[in-house]
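Engineer: Dropping in input.cif, which is mmCIF, C-alpha atoms:
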```cif
data_run
loop_
_atom_site.label_atom_id
_atom_site.label_comp_id
_atom_site.auth_asym_id
_atom_site.auth_seq_id
_atom_site.Cartn_x
_atom_site.Cartn_y
_atom_site.Cartn_z
CA HIS A 1 -5.96 -27.28 44.28
CA GLU A 2 -6.65 -29.58 47.23
CA THR A 3 -7.48 -26.54 49.40
CA VAL A 4 -10.05 -25.33 46.87
CA ARG A 5 -11.51 -28.86 46.59
CA ARG A 6 -11.94 -29.23 50.37
CA ALA A 7 -13.22 -25.70 51.03
CA GLU A 8 -15.69 -25.62 48.15
CA GLY A 9 -16.61 -29.30 48.01
CA THR A 10 -16.23 -29.38 44.28
CA ARG A 11 -14.06 -31.05 41.73
CA CYS A 12 -11.02 -29.15 40.49
CA ARG A 13 -9.27 -29.84 37.21
CA ILE A 14 -5.47 -29.73 37.40
CA TYR A 15 -3.84 -28.34 34.28
CA ALA A 16 -0.43 -30.03 33.93
CA PRO A 17 1.43 -29.58 30.64
CA VAL A 18 4.13 -32.23 30.20
CA GLY A 19 7.40 -31.85 28.31
CA ALA A 20 11.11 -31.25 28.39
CA HIS A 21 12.47 -28.49 30.62
CA SER A 22 13.87 -26.51 27.65
CA ASP A 23 10.51 -26.51 25.90
CA LEU A 24 8.24 -25.83 28.86
CA LEU A 25 10.15 -23.34 31.00
CA ALA A 26 9.43 -20.28 28.87
CA TYR A 27 5.80 -21.38 28.44
CA LEU A 28 5.24 -21.87 32.18
CA VAL A 29 6.86 -18.54 33.04
CA ARG A 30 4.45 -16.80 30.67
CA ARG A 31 1.49 -18.58 32.27
CA LEU A 32 2.68 -17.60 35.78
CA LEU A 33 3.06 -13.97 34.75
CA GLU A 34 -0.39 -13.89 33.13
CA ASN A 35 -2.20 -15.69 35.93
CA GLY A 36 -0.41 -13.74 38.64
CA ALA A 37 -1.36 -10.33 37.23
CA ASN A 38 -3.98 -8.37 39.22
CA SER A 39 -6.10 -8.06 36.08
CA SER A 40 -6.01 -11.83 35.43
CA PHE A 41 -9.27 -13.77 35.52
CA VAL A 42 -7.57 -16.47 37.61
CA HIS A 43 -6.34 -13.90 40.15
CA GLN A 44 -9.68 -12.10 40.41
CA LEU A 45 -11.60 -15.36 40.76
CA THR A 46 -10.01 -16.01 44.16
CA ASP A 47 -10.12 -12.37 45.33
CA GLU A 48 -13.14 -12.01 47.64
CA GLU A 49 -13.14 -8.23 47.21
CA VAL A 50 -13.97 -8.59 43.51
CA GLU A 51 -17.69 -9.10 42.91
CA PRO A 52 -18.74 -12.02 40.66
CA GLU A 53 -20.68 -9.57 38.49
CA ASP A 54 -17.45 -7.64 37.82
CA ILE A 55 -15.66 -10.79 36.71
CA ALA A 56 -18.50 -11.83 34.40
CA ARG A 57 -19.17 -8.37 32.95
CA ASP A 58 -18.89 -8.00 29.15
CA PRO A 59 -15.74 -5.94 28.53
CA LEU A 60 -17.32 -4.30 25.48
CA GLU A 61 -20.03 -2.79 27.69
CA THR A 62 -17.34 -1.27 29.88
CA VAL A 63 -15.61 0.26 26.88
CA GLU A 64 -18.87 1.74 25.57
CA LYS A 65 -19.59 3.39 28.92
CA GLN A 66 -16.10 4.74 29.52
CA GLY A 67 -15.39 5.84 25.97
CA PRO A 68 -12.37 4.81 23.89
CA ALA A 69 -10.14 2.35 25.70
CA SER A 70 -7.09 3.16 23.57
CA ASN A 71 -4.24 5.26 24.88
CA PRO A 72 -4.48 8.68 23.19
CA ALA A 73 -0.67 8.90 23.23
CA ILE A 74 -0.47 5.86 20.93
CA PRO A 75 -1.46 6.67 17.33
CA SER A 76 -3.90 4.45 15.46
CA PRO A 77 -2.43 2.32 12.65
CA SER A 78 -3.48 4.76 9.94
CA ALA A 79 -1.74 7.64 11.75
CA ILE A 80 1.62 6.08 12.67
CA PHE A 81 3.50 8.37 10.26
CA GLY A 82 2.01 11.58 11.67
CA ALA A 83 -0.48 14.08 10.37
CA GLY A 84 1.29 14.63 7.05
CA ARG A 85 1.10 11.08 5.74
CA ARG A 86 -1.52 8.35 6.01
CA ASN A 87 -0.40 4.76 6.47
CA SER A 88 -1.39 2.21 3.84
CA LYS A 89 -4.49 0.13 4.41
CA GLY A 90 -3.94 -3.24 6.08
CA PHE A 91 -5.70 -6.54 5.39
CA ASP A 92 -6.00 -9.18 8.11
CA ILE A 93 -5.78 -12.35 6.04
CA THR A 94 -6.02 -14.49 9.18
CA ASP A 95 -9.61 -13.27 9.60
CA PRO A 96 -12.01 -15.62 7.75
CA VAL A 97 -14.42 -12.74 7.09
CA ALA A 98 -11.72 -10.53 5.52
CA LEU A 99 -10.35 -13.48 3.55
CA ALA A 100 -13.80 -14.39 2.24
CA ALA A 101 -14.35 -10.80 1.09
CA ILE A 102 -11.04 -10.82 -0.80
CA ASP A 103 -11.80 -14.19 -2.39
CA LYS A 104 -15.24 -13.01 -3.44
CA ALA A 105 -13.81 -9.86 -5.04
CA LYS A 106 -11.05 -11.85 -6.81
CA VAL A 107 -13.64 -13.88 -8.73
CA GLU A 108 -13.96 -10.94 -11.12
CA PHE A 109 -10.34 -11.44 -12.16
CA ALA A 110 -10.45 -15.20 -12.66
CA GLY A 111 -10.21 -16.99 -15.98
CA PRO A 112 -7.58 -17.25 -18.70
CA ASP A 113 -6.15 -14.37 -20.71
CA ARG A 114 -7.60 -11.84 -18.27
CA TRP A 115 -5.18 -8.89 -18.76
CA HIS A 116 -3.66 -7.24 -21.82
CA ALA A 117 -0.69 -4.87 -21.73
CA LYS A 118 0.96 -2.74 -24.39
CA PRO A 119 3.31 0.24 -24.49
CA ILE A 120 1.67 3.29 -22.96
CA THR A 121 3.01 6.01 -25.21
CA ARG A 122 2.12 8.07 -28.25
CA ALA A 123 5.14 6.60 -30.03
CA ALA A 124 3.89 4.24 -32.74
CA GLY A 125 5.32 0.89 -33.79
CA TYR A 126 4.49 -1.89 -31.36
CA GLY A 127 6.58 -5.02 -31.48
CA LYS A 128 5.62 -8.66 -31.09
CA GLN A 129 2.73 -9.84 -28.93
CA ARG A 130 3.37 -12.74 -26.58
CA PRO A 131 1.48 -14.58 -23.83
CA VAL A 132 2.21 -13.96 -20.14
CA VAL A 133 2.02 -17.20 -18.15
CA ASN A 134 1.59 -18.01 -14.48
CA PRO A 135 5.05 -19.02 -13.12
CA ALA A 136 3.38 -21.50 -10.75
CA LYS A 137 1.26 -23.00 -13.56
CA PRO A 138 3.07 -22.52 -16.88
CA GLU A 139 0.08 -23.93 -18.76
CA GLU A 140 -2.09 -21.02 -17.54
CA VAL A 141 -2.06 -17.91 -19.73
CA VAL A 142 -2.67 -14.88 -17.52
CA GLY A 143 -2.75 -12.35 -20.35
CA THR A 144 -0.85 -10.96 -23.32
CA VAL A 145 1.66 -8.16 -23.80
CA SER A 146 2.65 -6.24 -26.91
CA GLU A 147 6.29 -5.30 -26.45
CA ALA A 148 7.97 -2.06 -27.46
CA THR A 149 10.61 -1.73 -30.18
CA ALA A 150 13.92 0.12 -30.29
CA LYS A 151 12.40 2.64 -32.74
CA GLN A 152 9.55 3.26 -30.33
CA VAL A 153 12.07 3.88 -27.51
CA ALA A 154 13.73 6.73 -29.43
CA THR A 155 10.39 8.43 -30.12
CA ALA A 156 9.23 7.97 -26.51
CA VAL A 157 12.39 9.67 -25.23
CA ARG A 158 11.78 12.63 -27.53
CA ILE A 159 8.19 12.91 -26.29
CA ALA A 160 9.36 12.74 -22.66
CA VAL A 161 12.01 15.42 -23.24
CA GLU A 162 9.39 17.77 -24.70
CA ALA A 163 6.84 17.12 -21.93
CA GLN A 164 9.20 17.42 -18.95
CA PRO A 165 9.65 21.23 -18.64
CA ALA A 166 5.90 21.91 -18.27
CA TRP A 167 5.64 19.17 -15.64
CA ALA A 168 8.62 20.61 -13.74
CA ARG A 169 6.97 24.06 -13.69
CA ARG A 170 3.94 22.72 -11.83
CA ALA A 171 3.88 23.39 -8.11
CA VAL A 172 5.39 20.68 -5.91
CA ALA A 173 2.13 20.50 -3.96
CA GLU A 174 0.23 19.79 -7.17
CA ARG A 175 2.56 16.94 -8.16
CA ALA A 176 2.36 15.56 -4.62
CA ALA A 177 -1.44 15.65 -4.69
CA ILE A 178 -1.41 13.57 -7.89
CA LEU A 179 0.78 10.95 -6.20
CA ASN A 180 -1.60 10.83 -3.23
CA ARG A 181 -4.53 10.32 -5.58
CA GLY A 182 -2.57 7.52 -7.19
CA ALA A 183 -2.10 5.89 -3.79
CA ASP A 184 -5.85 6.05 -3.17
CA LEU A 185 -6.52 4.43 -6.56
CA TYR A 186 -4.02 1.66 -5.79
CA GLU A 187 -5.92 0.90 -2.59
CA ALA A 188 -9.28 1.04 -4.35
CA ASN A 189 -7.96 -1.57 -6.81
CA ALA A 190 -6.01 -3.60 -4.24
CA VAL A 191 -7.80 -6.89 -4.91
CA GLU A 192 -6.98 -6.73 -8.62
CA PHE A 193 -3.34 -6.16 -7.69
CA PHE A 194 -3.51 -9.17 -5.32
CA ALA A 195 -4.78 -11.29 -8.23
CA LEU A 196 -2.09 -9.97 -10.58
CA ALA A 197 0.67 -10.47 -8.02
CA ALA A 198 -0.40 -14.09 -7.54
CA ARG A 199 -1.05 -15.06 -11.16
CA GLU A 200 1.68 -13.08 -12.94
CA ALA A 201 4.44 -12.97 -10.28
CA GLY A 202 3.66 -16.14 -8.31
CA LYS A 203 3.20 -14.32 -5.01
CA SER A 204 1.24 -15.58 -2.02
CA LEU A 205 -1.64 -13.46 -0.75
CA ALA A 206 0.43 -12.27 2.22
CA ASP A 207 3.17 -11.10 -0.16
CA GLY A 208 0.56 -9.53 -2.44
CA VAL A 209 -0.83 -7.49 0.45
CA ALA A 210 2.67 -6.39 1.42
CA GLU A 211 3.40 -5.51 -2.21
CA VAL A 212 0.41 -3.18 -2.54
CA ARG A 213 1.00 -1.60 0.86
CA GLU A 214 4.65 -0.87 0.06
CA ALA A 215 3.70 0.68 -3.28
CA VAL A 216 1.07 2.88 -1.60
CA ASP A 217 3.57 3.88 1.09
CA PHE A 218 6.11 4.85 -1.60
CA LEU A 219 3.61 7.15 -3.30
CA ARG A 220 2.59 8.86 -0.05
CA TYR A 221 6.15 9.01 1.28
CA TYR A 222 7.53 10.81 -1.78
CA ALA A 223 4.46 13.04 -1.94
CA THR A 224 5.18 14.13 1.64
CA GLU A 225 8.95 14.43 1.31
CA ALA A 226 8.86 16.45 -1.93
CA ALA A 227 8.15 19.60 0.06
CA ASN A 228 11.42 19.06 1.97
CA ALA A 229 13.64 19.16 -1.12
CA GLU A 230 16.48 21.64 -0.87
CA PRO A 231 15.61 25.11 -2.17
CA GLY A 232 16.78 25.61 -5.72
CA THR A 233 16.79 21.88 -6.51
CA GLU A 234 15.91 21.39 -10.15
CA ALA A 235 14.52 18.40 -12.00
CA ARG A 236 17.05 16.51 -14.09
CA GLY A 237 14.97 15.66 -17.14
CA VAL A 238 13.99 12.22 -18.41
CA ILE A 239 14.56 9.33 -16.00
CA ALA A 240 14.59 5.73 -17.18
CA CYS A 241 13.16 3.42 -14.50
CA ILE A 242 14.03 -0.28 -14.89
CA SER A 243 12.39 -2.49 -12.27
CA PRO A 244 12.61 -6.20 -11.32
CA TRP A 245 10.09 -9.04 -11.32
CA ASN A 246 10.35 -9.90 -7.60
CA PHE A 247 8.65 -6.66 -6.48
CA PRO A 248 6.77 -5.82 -9.68
CA LEU A 249 4.52 -3.17 -8.15
CA ALA A 250 6.39 -1.87 -5.09
CA ILE A 251 9.83 -1.18 -6.60
CA PHE A 252 8.29 -0.22 -9.94
CA THR A 253 6.16 2.39 -8.17
CA GLY A 254 8.91 3.63 -5.85
CA GLN A 255 11.24 4.46 -8.73
CA ILE A 256 8.51 6.25 -10.66
CA ALA A 257 7.12 8.18 -7.69
CA ALA A 258 10.50 9.62 -6.68
CA ALA A 259 11.24 10.79 -10.23
CA LEU A 260 7.78 12.23 -10.93
CA VAL A 261 7.31 14.23 -7.75
CA THR A 262 10.64 16.01 -8.29
CA GLY A 263 9.55 17.23 -11.73
CA ASN A 264 11.11 14.64 -14.02
CA SER A 265 9.38 12.76 -16.81
CA VAL A 266 9.63 8.97 -16.68
CA ILE A 267 10.03 6.12 -19.11
CA ALA A 268 9.38 2.91 -17.21
CA LYS A 269 10.58 -0.50 -18.36
CA PRO A 270 9.16 -3.25 -16.16
CA ALA A 271 10.71 -6.69 -15.93
CA GLU A 272 9.76 -8.73 -18.99
CA GLN A 273 8.18 -11.34 -16.67
CA THR A 274 5.72 -8.87 -15.08
CA PRO A 275 4.43 -6.31 -17.60
CA LEU A 276 0.74 -6.71 -16.74
CA ILE A 277 0.87 -5.35 -13.19
CA ALA A 278 3.07 -2.46 -14.38
CA PHE A 279 0.59 -1.62 -17.15
CA ARG A 280 -2.26 -1.49 -14.64
CA ALA A 281 -0.22 0.72 -12.31
CA VAL A 282 0.56 3.26 -15.03
CA GLU A 283 -3.09 3.33 -16.06
CA LEU A 284 -4.04 4.29 -12.50
CA LEU A 285 -1.29 6.91 -12.20
CA ARG A 286 -2.54 8.54 -15.39
CA GLU A 287 -6.07 8.41 -14.01
CA ALA A 288 -4.72 10.17 -10.91
CA GLY A 289 -3.51 13.06 -13.05
CA VAL A 290 0.02 12.32 -14.30
CA PRO A 291 0.08 13.79 -17.84
CA GLU A 292 0.09 11.36 -20.74
CA ASP A 293 3.58 12.17 -22.03
CA VAL A 294 5.18 12.55 -18.59
CA ILE A 295 4.93 8.85 -17.78
CA GLN A 296 5.36 6.26 -20.53
CA LEU A 297 5.52 2.48 -20.24
CA LEU A 298 7.74 0.46 -22.56
CA PRO A 299 7.47 -3.28 -21.84
CA GLY A 300 10.09 -5.53 -23.37
CA ASP A 301 13.41 -7.26 -22.85
CA GLY A 302 16.88 -5.83 -22.30
CA PRO A 303 18.18 -5.90 -25.91
CA SER A 304 14.99 -4.46 -27.43
CA VAL A 305 14.12 -1.81 -24.83
CA GLY A 306 16.58 -1.63 -21.93
CA GLY A 307 19.69 -1.26 -24.10
CA PRO A 308 18.34 1.43 -26.46
CA LEU A 309 16.82 3.30 -23.51
CA THR A 310 19.99 3.51 -21.39
CA SER A 311 22.14 4.33 -24.42
CA ASP A 312 20.01 7.31 -25.50
CA PRO A 313 22.11 10.45 -24.81
CA ARG A 314 18.97 12.44 -23.90
CA ILE A 315 18.41 10.33 -20.76
CA ALA A 316 19.27 12.31 -17.62
CA GLY A 317 19.48 9.32 -15.32
CA VAL A 318 18.62 5.69 -14.69
CA CYS A 319 16.98 4.04 -11.67
CA PHE A 320 17.72 0.33 -11.80
CA THR A 321 17.01 -2.62 -9.52
CA GLY A 322 18.43 -5.98 -10.54
CA SER A 323 21.73 -7.81 -10.85
CA THR A 324 25.12 -6.25 -10.18
CA GLU A 325 26.26 -7.46 -13.60
CA VAL A 326 23.57 -5.50 -15.46
CA ALA A 327 24.10 -2.44 -13.24
CA LYS A 328 27.77 -2.35 -14.28
CA LEU A 329 26.77 -2.56 -17.95
CA ILE A 330 24.40 0.38 -17.49
CA GLU A 331 27.10 2.34 -15.66
CA LYS A 332 29.52 1.75 -18.54
CA GLN A 333 26.88 2.72 -21.10
CA LEU A 334 26.04 5.98 -19.31
CA ALA A 335 29.75 6.85 -19.12
CA GLU A 336 30.02 6.49 -22.89
CA THR A 337 26.83 8.17 -24.12
CA ALA A 338 25.11 10.20 -21.38
CA ALA A 339 25.78 13.73 -20.17
CA PRO A 340 28.53 14.08 -17.54
CA ASP A 341 26.00 14.79 -14.79
CA ALA A 342 23.68 11.88 -15.65
CA MET A 343 22.92 9.83 -12.55
CA LEU A 344 22.68 6.12 -11.89
CA ILE A 345 20.77 4.83 -8.87
CA ALA A 346 21.37 1.08 -8.75
CA GLU A 347 20.02 -1.33 -6.16
CA THR A 348 21.64 -4.71 -6.72
CA GLY A 349 22.16 -8.01 -4.91
CA GLY A 350 23.47 -8.43 -1.37
CA LEU A 351 25.14 -11.11 0.73
CA ASN A 352 23.00 -10.80 3.83
CA ALA A 353 23.87 -12.45 7.12
CA MET A 354 22.16 -13.09 10.46
CA ILE A 355 24.03 -13.59 13.73
CA VAL A 356 22.26 -15.64 16.42
CA ASP A 357 23.87 -15.66 19.86
CA SER A 358 22.87 -17.42 23.07
CA THR A 359 20.59 -14.59 24.18
CA ALA A 360 18.26 -14.97 21.19
CA LEU A 361 14.91 -16.68 21.59
CA PRO A 362 15.28 -19.69 19.25
CA GLU A 363 11.61 -19.72 18.20
CA GLN A 364 11.79 -16.12 16.99
CA ALA A 365 15.17 -16.60 15.33
CA VAL A 366 14.00 -19.66 13.39
CA ARG A 367 10.80 -17.91 12.32
CA ASP A 368 12.79 -14.95 10.95
CA ILE A 369 15.44 -17.16 9.34
CA LEU A 370 12.81 -19.08 7.37
CA ALA A 371 10.93 -15.95 6.35
CA SER A 372 14.06 -14.11 5.22
CA ALA A 373 15.67 -17.01 3.39
CA PHE A 374 12.70 -18.51 1.60
CA GLN A 375 10.09 -15.83 0.86
CA SER A 376 10.03 -15.31 -2.92
CA ALA A 377 12.07 -18.55 -3.03
CA GLY A 378 15.02 -16.53 -1.76
CA GLN A 379 14.91 -14.25 -4.81
CA ARG A 380 15.09 -10.97 -2.91
CA CYS A 381 17.94 -8.55 -2.36
CA SER A 382 17.07 -8.76 1.35
CA ALA A 383 17.10 -12.58 1.51
CA LEU A 384 19.19 -14.23 4.22
CA ARG A 385 22.14 -16.07 2.67
CA VAL A 386 24.56 -16.67 5.56
CA LEU A 387 23.66 -17.72 9.12
CA TYR A 388 26.14 -17.47 12.00
CA VAL A 389 25.16 -19.33 15.19
CA GLN A 390 26.97 -19.19 18.54
CA LYS A 391 28.50 -22.60 19.33
CA ASP A 392 26.64 -22.95 22.67
CA VAL A 393 23.24 -22.93 20.96
CA GLU A 394 24.21 -24.42 17.62
CA LYS A 395 22.75 -27.90 18.21
CA LYS A 396 19.36 -26.67 19.43
CA MET A 397 19.11 -24.00 16.71
CA LEU A 398 19.88 -26.42 13.90
CA GLU A 399 17.47 -29.04 15.24
CA MET A 400 14.69 -26.47 15.43
CA LEU A 401 15.57 -25.08 12.01
CA LYS A 402 15.44 -28.55 10.44
#
```
Could you render the structure from this file as structure tokens?
Structural biologist:
Amino acid sequence: HETVRRAEGTRCRIYAPVGAHSDLLAYLVRRLLENGANSSFVHQLTDEEVEPEDIARDPLETVEKQGPASNPAIPSPSAIFGAGRRNSKGFDITDPVALAAIDKAKVEFAGPDRWHAKPITRAAGYGKQRPVVNPAKPEEVVGTVSEATAKQVATAVRIAVEAQPAWARRAVAERAAILNRGADLYEANAVEFFALAAREAGKSLADGVAEVREAVDFLRYYATEAANAEPGTEARGVIACISPWNFPLAIFTGQIAAALVTGNSVIAKPAEQTPLIAFRAVELLREAGVPEDVIQLLPGDGPSVGGPLTSDPRIAGVCFTGSTEVAKLIEKQLAETAAPDAMLIAETGGLNAMIVDSTALPEQAVRDILASAFQSAGQRCSALRVLYVQKDVEKKMLEMLK
């Protein structure tokens, strides 16, 4: 700095971050690497062979003259899964412009008692109507739901049994195309899903975006993979899909998509806490082309809907996400009443651990620990429950975590 001051006769600001060695070392190394790179502004500023005009040139002008600056070997975000499957649309909620656009669109879905759900089926006999409240603001009524009855369940199963063979006879490509149209409709209605995820399920906007993207990815994934099913594979029949409240669109959609694209008819029972977002999803799937009787929605609780549904001997299988306790009850029920080849796909709780050793970067470890343990208030099957820390770094890790 003194050399520059004497040679140029000008003042020179010295940038001197101050702090403990453990905090600053990694930071200073990054600065040295950045400033020492040939492409660095700091490096080029003192290189007499680089013209001042080159340093000051607008990089966007350079890109426009040379053509695309991206590496053609690296796929764009929408193409990361290859030509056969388009990635879900992303939303940069750190961008004030994107955030403002979302907020402006969400105004349409503001106000009390905005959504109304009911069984989507030709089976008559709705049960009680009840309010659906915002879990973050129990005084706020988000909408209402008319719940299904046990009698309605029996009729819905009969309807699904009758509709399934014609659906199974349709070409796989045709069923896959319907799922892809459903994915497009999900994206077209993403902001409504964000509002529903926040007001009915208590999700943050970041979680709402992830929820919609995962649901869209499920639809497109199963649409793509259906063509790879083993030759001679036949649909099973009527599949009961019972989904949880913590991923009320993503898991709900994943269960349904897998069953539909393989030629099965579906009776979906969403979590009793989140029937509104499930109702909207089924409406869009029907709009995409899923026949009326092939997908039916029966909102309600376990005793009124879940129990009668899983105990119906005409059910060919159950997809369930929830507690291990309930999964065991369903397993026992299927063993007593279902056909011998009836399936149970159960995704239940886990005891998930993270191991942090002395090679881990503490900042990254702490970031991931907090995200895993506390997103959805820890109410996820993937939530971190046990943390193992190497003794050498225990003190620093726990201080940073606190």
Engineer: Could you give me, as a ChimeraX atom specification, the residues within 12 Å of range 153-158 of chain A, counting only C-alpha atoms and dropping anything in the same chain fewer than 2 positions from it?
Structural biologist: /A:119-127,147-151,160-164,237-240,265-269,292-300,303-316
Engineer: Take the residues just selected and output them with C-alpha atoms as a tab-separated table (two decimals), in the coordinates of the input.
Structural biologist:
```
chain	number	residue	atom	x	y	z
A	119	PRO	CA	3.31	0.24	-24.49
A	120	ILE	CA	1.67	3.29	-22.96
A	121	THR	CA	3.01	6.01	-25.21
A	122	ARG	CA	2.12	8.07	-28.25
A	123	ALA	CA	5.14	6.60	-30.03
A	124	ALA	CA	3.89	4.24	-32.74
A	125	GLY	CA	5.32	0.89	-33.79
A	126	TYR	CA	4.49	-1.89	-31.36
A	127	GLY	CA	6.58	-5.02	-31.48
A	147	GLU	CA	6.29	-5.30	-26.45
A	148	ALA	CA	7.97	-2.06	-27.46
A	149	THR	CA	10.61	-1.73	-30.18
A	150	ALA	CA	13.92	0.12	-30.29
A	151	LYS	CA	12.40	2.64	-32.74
A	160	ALA	CA	9.36	12.74	-22.66
A	161	VAL	CA	12.01	15.42	-23.24
A	162	GLU	CA	9.39	17.77	-24.70
A	163	ALA	CA	6.84	17.12	-21.93
A	164	GLN	CA	9.20	17.42	-18.95
A	237	GLY	CA	14.97	15.66	-17.14
A	238	VAL	CA	13.99	12.22	-18.41
A	239	ILE	CA	14.56	9.33	-16.00
A	240	ALA	CA	14.59	5.73	-17.18
A	265	SER	CA	9.38	12.76	-16.81
A	266	VAL	CA	9.63	8.97	-16.68
A	267	ILE	CA	10.03	6.12	-19.11
A	268	ALA	CA	9.38	2.91	-17.21
A	269	LYS	CA	10.58	-0.50	-18.36
A	292	GLU	CA	0.09	11.36	-20.74
A	293	ASP	CA	3.58	12.17	-22.03
A	294	VAL	CA	5.18	12.55	-18.59
A	295	ILE	CA	4.93	8.85	-17.78
A	296	GLN	CA	5.36	6.26	-20.53
A	297	LEU	CA	5.52	2.48	-20.24
A	298	LEU	CA	7.74	0.46	-22.56
A	299	PRO	CA	7.47	-3.28	-21.84
A	300	GLY	CA	10.09	-5.53	-23.37
A	303	PRO	CA	18.18	-5.90	-25.91
A	304	SER	CA	14.99	-4.46	-27.43
A	305	VAL	CA	14.12	-1.81	-24.83
A	306	GLY	CA	16.58	-1.63	-21.93
A	307	GLY	CA	19.69	-1.26	-24.10
A	308	PRO	CA	18.34	1.43	-26.46
A	309	LEU	CA	16.82	3.30	-23.51
A	310	THR	CA	19.99	3.51	-21.39
A	311	SER	CA	22.14	4.33	-24.42
A	312	ASP	CA	20.01	7.31	-25.50
A	313	PRO	CA	22.11	10.45	-24.81
A	314	ARG	CA	18.97	12.44	-23.90
A	315	ILE	CA	18.41	10.33	-20.76
A	316	ALA	CA	19.27	12.31	-17.62
```
Engineer: Give me, as a list of chain:residue names, all polymer residues having an atom no more than 9 Å from Leu276 in chain A, counting only C-alpha atoms and skipping those fewer than 4 positions away in the same chain.
Structural biologist: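 Result of the neighbour search: A:Trp115, A:His116, A:Ala117, A:Lys118, A:Val132, A:Val142, A:Gly143, A:Thr144, A:Val145, A:Leu196, A:Glu200, A:Arg280, A:Ala281.
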Engineer: Skipping near chain neighbours, those fewer than 4 positions away, what residues fall within 10 Å of range 203-207 of chain A using only C-alpha atoms, listed as a tab-separated table (two decimals) with C-alpha atoms, keeping the file's coordinate frame?
Structural biologist:
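So the final result, stored in selection.tsv, reads:
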```
chain	number	residue	atom	x	y	z
A	91	PHE	CA	-5.70	-6.54	5.39
A	92	ASP	CA	-6.00	-9.18	8.11
A	93	ILE	CA	-5.78	-12.35	6.04
A	94	THR	CA	-6.02	-14.49	9.18
A	99	LEU	CA	-10.35	-13.48	3.55
A	102	ILE	CA	-11.04	-10.82	-0.80
A	135	PRO	CA	5.05	-19.02	-13.12
A	136	ALA	CA	3.38	-21.50	-10.75
A	191	VAL	CA	-7.80	-6.89	-4.91
A	194	PHE	CA	-3.51	-9.17	-5.32
A	195	ALA	CA	-4.78	-11.29	-8.23
A	196	LEU	CA	-2.09	-9.97	-10.58
A	197	ALA	CA	0.67	-10.47	-8.02
A	198	ALA	CA	-0.40	-14.09	-7.54
A	199	ARG	CA	-1.05	-15.06	-11.16
A	211	GLU	CA	3.40	-5.51	-2.21
A	212	VAL	CA	0.41	-3.18	-2.54
A	213	ARG	CA	1.00	-1.60	0.86
A	246	ASN	CA	10.35	-9.90	-7.60
A	247	PHE	CA	8.65	-6.66	-6.48
A	375	GLN	CA	10.09	-15.83	0.86
A	376	SER	CA	10.03	-15.31	-2.92
```
Engineer: Name the residues that the PyMOL selection byres ((chain A and resi 331) around 10) picks from the file above, as a list in words, using the file's chain letters and numbers.
Structural biologist: Thr310, Val318, Val326, Ala327, Lys328, Leu329, Ile330, Lys332, Gln333, Leu334, Ala335, Glu336, Ala338, Met343, Leu344, Ile345 and Ala346 of chain A
Engineer: Residues within 12 Å of Ala229 in chain A, please, as a list in words. Count only C-alpha atoms; anything in the same chain fewer than 2 positions from it doesn't count.
Structural biologist: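 Non-adjacent residues within range: Val172, Ala173, Tyr222, Ala223, Thr224, Glu225, Ala226, Ala227, Pro231, Gly232, Thr233, Glu234, Ala235, Ala258, Val261, Thr262 and Gly263 of chain A.
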Engineer: List, as JSON, numbers by chain, every residue that the PyMOL selection byres ((chain A and resi 216) around 10) selects in the file provided.
Structural biologist: {"A": [86, 87, 88, 89, 179, 180, 182, 183, 184, 185, 186, 187, 190, 210, 211, 212, 213, 214, 215, 217, 218, 219, 220, 221, 249, 250, 253, 254]}
Engineer: Give me the result of the PyMOL selection byres ((chain A and resi 383) around 9) on this file, residue by residue, as a JSON list (two decimals) with C-alpha atoms, keeping the file's coordinate frame.
Structural biologist:
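Contents of the output file out_3.json:
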```json
[["chain", "number", "residue", "atom", "x", "y", "z"],
["A", 350, "GLY", "CA", 23.47, -8.43, -1.37],
["A", 351, "LEU", "CA", 25.14, -11.11, 0.73],
["A", 352, "ASN", "CA", 23.00, -10.80, 3.83],
["A", 353, "ALA", "CA", 23.87, -12.45, 7.12],
["A", 371, "ALA", "CA", 10.93, -15.95, 6.35],
["A", 372, "SER", "CA", 14.06, -14.11, 5.22],
["A", 373, "ALA", "CA", 15.67, -17.01, 3.39],
["A", 374, "PHE", "CA", 12.70, -18.51, 1.60],
["A", 375, "GLN", "CA", 10.09, -15.83, 0.86],
["A", 376, "SER", "CA", 10.03, -15.31, -2.92],
["A", 378, "GLY", "CA", 15.02, -16.53, -1.76],
["A", 379, "GLN", "CA", 14.91, -14.25, -4.81],
["A", 380, "ARG", "CA", 15.09, -10.97, -2.91],
["A", 381, "CYS", "CA", 17.94, -8.55, -2.36],
["A", 382, "SER", "CA", 17.07, -8.76, 1.35],
["A", 384, "LEU", "CA", 19.19, -14.23, 4.22],
["A", 385, "ARG", "CA", 22.14, -16.07, 2.67]]
```
Engineer: Select, from A:Arg30, A:Lys137, A:Arg170, A:Arg5, the residue with the minimum atom-to-atom distance to Leu260 in chain A, counting only C-alpha atoms.
Structural biologist: A:Arg170
Engineer: If you measure from CA of Pro362 in chain A to CA of Ser22 in chain A, what distance in Å do you get, rounded to one decimal?
Structural biologist: 10.9 Å
Engineer: What does the distance from CA of Thr10 in chain A to CA of Thr46 in chain A come to in Å, to one decimal?
Structural biologist: 14.7 Å
Engineer: Would you work out the distance separating CA of Pro72 in chain A from CA of Gly84 in chain A, expressed in Å to one decimal?
Structural biologist: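 According to the coordinates, CA of Pro72 in chain A and CA of Gly84 in chain A are separated by 18.1 Å.
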Engineer: Which is closest to Ala26 in chain A among A:Glu399, A:Glu140, A:Glu363, A:Asp368, if we use only C-alpha atoms?
Structural biologist: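 Under the stated criterion, the closest residue is A:Glu363.
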